[in-house]
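Written out below as C-alpha coordinates is the structure these notes cover.
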Amino acid sequence: GNAVVKHTNVDTFIVMRSLLPIPCALLESCLLGEPHPRPASWLGLGILLLGAILFAIANRGIAVAGASWGALFLIMMPLSGVFMKRLIITGGLSTTWGLVLYQNTLAGAFGILATAAIELSSLAALHDFYERLAYGGAAVWGP
(Lines give C-alpha, C1' and ligand atoms only; values in the text may rest on other atoms or scores of the structure.)
Protein backbone atom coordinates (compact mmCIF):
# COMPACT_ATOMS: atom_id res chain seq x y z
CA GLY A 1 0.00 0.00 0.00
CA ASN A 2 2.74 2.50 0.89
CA ALA A 3 4.56 1.96 -2.40
CA VAL A 4 1.35 2.60 -4.30
CA VAL A 5 0.87 5.94 -2.52
CA LYS A 6 4.50 6.83 -3.22
CA HIS A 7 3.97 6.48 -6.98
CA THR A 8 0.36 7.71 -7.28
CA ASN A 9 -1.81 9.66 -4.86
CA VAL A 10 -4.05 8.88 -1.90
CA ASP A 11 -7.20 9.16 -4.01
CA THR A 12 -5.97 6.45 -6.37
CA PHE A 13 -5.08 4.26 -3.40
CA ILE A 14 -8.62 4.66 -2.04
CA VAL A 15 -10.05 3.53 -5.38
CA MET A 16 -7.73 0.51 -5.46
CA ARG A 17 -8.63 -0.43 -1.87
CA SER A 18 -12.31 -0.29 -2.81
CA LEU A 19 -11.60 -2.70 -5.68
CA LEU A 20 -10.02 -5.37 -3.43
CA PRO A 21 -13.25 -7.09 -2.30
CA ILE A 22 -14.13 -7.95 -5.91
CA PRO A 23 -11.09 -10.14 -6.72
CA CYS A 24 -11.20 -11.53 -3.17
CA ALA A 25 -14.81 -12.67 -3.65
CA LEU A 26 -13.98 -14.24 -7.01
CA LEU A 27 -10.90 -16.03 -5.65
CA GLU A 28 -12.79 -17.33 -2.63
CA SER A 29 -15.44 -18.76 -4.95
CA CYS A 30 -12.92 -20.35 -7.32
CA LEU A 31 -10.24 -21.55 -4.91
CA LEU A 32 -12.10 -22.17 -1.64
CA GLY A 33 -15.47 -23.26 -2.98
CA GLU A 34 -17.27 -20.40 -1.24
CA PRO A 35 -20.62 -19.36 -2.72
CA HIS A 36 -20.61 -16.31 -4.98
CA PRO A 37 -21.76 -13.13 -3.26
CA ARG A 38 -25.45 -12.39 -3.55
CA PRO A 39 -26.64 -9.69 -5.98
CA ALA A 40 -27.20 -7.31 -3.07
CA SER A 41 -23.53 -7.74 -2.09
CA TRP A 42 -22.40 -7.01 -5.65
CA LEU A 43 -24.59 -3.90 -5.62
CA GLY A 44 -22.97 -2.78 -2.36
CA LEU A 45 -19.47 -3.36 -3.79
CA GLY A 46 -20.45 -1.40 -6.90
CA ILE A 47 -21.73 1.51 -4.80
CA LEU A 48 -18.51 1.46 -2.76
CA LEU A 49 -16.40 1.54 -5.91
CA LEU A 50 -18.49 4.27 -7.52
CA GLY A 51 -18.25 6.39 -4.37
CA ALA A 52 -14.46 5.97 -4.27
CA ILE A 53 -14.14 6.91 -7.95
CA LEU A 54 -16.35 9.99 -7.52
CA PHE A 55 -14.35 10.98 -4.43
CA ALA A 56 -11.09 10.66 -6.37
CA ILE A 57 -12.41 12.66 -9.31
CA ALA A 58 -13.68 15.41 -6.99
CA ASN A 59 -10.26 15.74 -5.32
CA ARG A 60 -7.06 15.29 -7.31
CA GLY A 61 -8.22 12.62 -9.72
CA ILE A 62 -6.97 9.12 -10.37
CA ALA A 63 -3.25 8.95 -11.13
CA VAL A 64 -2.24 6.26 -13.59
CA ALA A 65 1.50 6.91 -13.26
CA GLY A 66 1.88 4.01 -10.81
CA ALA A 67 -0.32 1.55 -12.70
CA SER A 68 2.22 -1.28 -12.38
CA TRP A 69 2.29 -0.88 -8.58
CA GLY A 70 -1.50 -0.75 -8.58
CA ALA A 71 -1.75 -3.94 -10.62
CA LEU A 72 0.72 -5.70 -8.33
CA PHE A 73 -1.27 -4.51 -5.31
CA LEU A 74 -4.55 -5.76 -6.81
CA ILE A 75 -2.99 -9.16 -7.49
CA MET A 76 -0.99 -9.75 -4.32
CA MET A 77 -3.44 -8.48 -1.70
CA PRO A 78 -6.33 -10.78 -2.70
CA LEU A 79 -3.97 -13.76 -3.11
CA SER A 80 -2.49 -13.14 0.32
CA GLY A 81 -5.90 -12.70 1.93
CA VAL A 82 -7.42 -15.82 0.38
CA PHE A 83 -4.29 -17.87 1.12
CA MET A 84 -4.37 -16.72 4.74
CA LYS A 85 -8.08 -17.59 4.98
CA ARG A 86 -7.28 -21.05 3.61
CA LEU A 87 -4.54 -21.54 6.21
CA ILE A 88 -6.84 -20.44 9.02
CA ILE A 89 -9.68 -22.70 7.82
CA THR A 90 -7.41 -25.75 7.57
CA GLY A 91 -5.90 -25.05 10.98
CA GLY A 92 -2.42 -24.16 9.83
CA LEU A 93 -2.47 -20.72 11.43
CA SER A 94 -4.94 -21.07 14.24
CA THR A 95 -2.97 -18.92 16.71
CA THR A 96 -1.96 -15.28 16.64
CA TRP A 97 1.70 -16.30 16.59
CA GLY A 98 1.09 -18.37 13.48
CA LEU A 99 -0.29 -15.34 11.66
CA VAL A 100 2.56 -13.14 12.86
CA LEU A 101 5.17 -15.68 11.76
CA TYR A 102 3.48 -16.02 8.36
CA GLN A 103 3.36 -12.24 7.79
CA ASN A 104 6.91 -11.62 8.96
CA THR A 105 8.36 -14.48 6.93
CA LEU A 106 6.73 -13.22 3.76
CA ALA A 107 7.66 -9.61 4.45
CA GLY A 108 11.23 -10.50 5.37
CA ALA A 109 11.83 -12.65 2.30
CA PHE A 110 10.29 -10.11 -0.06
CA GLY A 111 12.14 -7.28 1.70
CA ILE A 112 15.50 -8.96 1.18
CA LEU A 113 14.75 -9.67 -2.49
CA ALA A 114 13.42 -6.16 -3.17
CA THR A 115 16.36 -4.54 -1.40
CA ALA A 116 18.84 -6.63 -3.35
CA ALA A 117 17.10 -5.88 -6.66
CA ILE A 118 16.96 -2.14 -6.00
CA GLU A 119 20.25 -1.56 -4.19
CA LEU A 120 22.39 -3.95 -6.22
CA SER A 121 20.99 -3.07 -9.64
CA SER A 122 24.32 -2.08 -11.20
CA LEU A 123 27.57 -3.98 -11.56
CA ALA A 124 29.41 -1.27 -9.63
CA ALA A 125 27.03 -1.59 -6.67
CA LEU A 126 27.27 -5.37 -6.77
CA HIS A 127 31.08 -5.20 -6.88
CA ASP A 128 31.13 -2.70 -3.99
CA PHE A 129 28.87 -4.98 -1.93
CA TYR A 130 31.08 -7.98 -2.66
CA GLU A 131 34.21 -6.04 -1.65
CA ARG A 132 32.61 -4.90 1.60
CA LEU A 133 31.36 -8.39 2.36
CA ALA A 134 34.68 -10.06 1.56
CA TYR A 135 36.94 -7.56 3.31
CA GLY A 136 34.78 -5.53 5.65
CA GLY A 137 33.31 -8.20 7.89
CA ALA A 138 30.45 -6.95 10.05
CA ALA A 139 31.02 -3.35 8.88
CA VAL A 140 29.23 -4.20 5.61
CA TRP A 141 25.86 -4.03 7.37
CA GLY A 142 26.41 -0.43 8.52
CA PRO A 143 25.93 2.73 6.45
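Scheme for the C-alpha coordinates: letters A, B, ... for chains in order shown; per-chain residue numbers from 1; ligand numbers from 1 in order shown.
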
- All helix (DSSP H, G or I) residues (DSSP, backbone) inside chain A, as a ChimeraX atom specification: /A:2-7,10-19,21-32,39-58,67-90,96-119,123-141

- Task: Skip Pro21 in chain A itself and residues of its chain fewer than 3 positions away, then list as a count of residues only all residues within 12 Å of it, counting only C-alpha atoms.
- Result: 24

- Query: Residues at most 9 Å from Met84 in chain A, counting only C-alpha atoms, excluding those fewer than 3 positions away in the same chain, as an NGL selection string?
  - Reply: :A and (79-81 or 87-89 or 93 or 99 or 102)

Just N, CA and C atoms for this one: save the residues we selected as a CSV table (one decimal), in the first residue's frame.
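What ended up in part_10.csv:
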chain,number,residue,atom,x,y,z
A,79,LEU,N,-4.6,-12.4,-3.2
A,79,LEU,CA,-4.0,-13.8,-3.1
A,79,LEU,C,-3.5,-14.0,-1.7
A,80,SER,N,-2.9,-13.0,-1.1
A,80,SER,CA,-2.5,-13.1,0.3
A,80,SER,C,-3.7,-13.3,1.2
A,81,GLY,N,-4.7,-12.6,1.1
A,81,GLY,CA,-5.9,-12.7,1.9
A,81,GLY,C,-6.6,-14.1,1.8
A,87,LEU,N,-5.4,-21.0,5.1
A,87,LEU,CA,-4.5,-21.5,6.2
A,87,LEU,C,-5.3,-21.5,7.5
A,88,ILE,N,-6.1,-20.5,7.8
A,88,ILE,CA,-6.8,-20.4,9.0
A,88,ILE,C,-7.9,-21.5,9.0
A,89,ILE,N,-8.6,-21.7,7.9
A,89,ILE,CA,-9.7,-22.7,7.8
A,89,ILE,C,-9.1,-24.1,8.0
A,93,LEU,N,-2.8,-21.9,10.7
A,93,LEU,CA,-2.5,-20.7,11.4
A,93,LEU,C,-3.6,-20.4,12.4
A,99,LEU,N,-0.1,-16.4,12.6
A,99,LEU,CA,-0.3,-15.3,11.7
A,99,LEU,C,0.9,-14.4,11.6
A,102,TYR,N,3.8,-16.0,9.8
A,102,TYR,CA,3.5,-16.0,8.4
A,102,TYR,C,3.7,-14.6,7.7

- Note on the structure: note - CA of Arg86 in chain A and CA of Phe13 in chain A are separated by 26.4 Å

With a distance cut-off of 7 Å and only C-alpha atoms, select the neighbouring residues of range 59-65 of chain A, excluding the residue or stretch itself and same-chain residues fewer than 3 positions from it, and output the selection as a JSON list (two decimals) with N, CA and C atoms, in the first residue's frame.
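For reference, around_19.json as written:
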[["chain", "number", "residue", "atom", "x", "y", "z"],
["A", 7, "HIS", "N", 3.92, 6.30, -5.53],
["A", 7, "HIS", "CA", 3.97, 6.48, -6.98],
["A", 7, "HIS", "C", 2.68, 7.05, -7.57],
["A", 8, "THR", "N", 1.62, 7.12, -6.79],
["A", 8, "THR", "CA", 0.36, 7.71, -7.28],
["A", 8, "THR", "C", -0.08, 8.78, -6.28],
["A", 9, "ASN", "N", -1.33, 8.75, -5.90],
["A", 9, "ASN", "CA", -1.81, 9.66, -4.86],
["A", 9, "ASN", "C", -2.79, 8.90, -3.96],
["A", 11, "ASP", "N", -5.90, 9.40, -3.38],
["A", 11, "ASP", "CA", -7.20, 9.16, -4.01],
["A", 11, "ASP", "C", -7.18, 7.88, -4.85],
["A", 12, "THR", "N", -6.11, 7.67, -5.58],
["A", 12, "THR", "CA", -5.97, 6.45, -6.37],
["A", 12, "THR", "C", -5.89, 5.23, -5.47],
["A", 55, "PHE", "N", -15.19, 10.27, -5.39],
["A", 55, "PHE", "CA", -14.35, 10.98, -4.43],
["A", 55, "PHE", "C", -13.01, 11.35, -5.05],
["A", 56, "ALA", "N", -12.39, 10.41, -5.75],
["A", 56, "ALA", "CA", -11.09, 10.66, -6.37],
["A", 56, "ALA", "C", -11.19, 11.73, -7.45]]

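CA of Pro35 in chain A sits 17.9 Å away from CA of Thr90 in chain A.
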
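If you look at CA of Ala107 in chain A and CA of Met76 in chain A, they are 12.3 Å away from each other.
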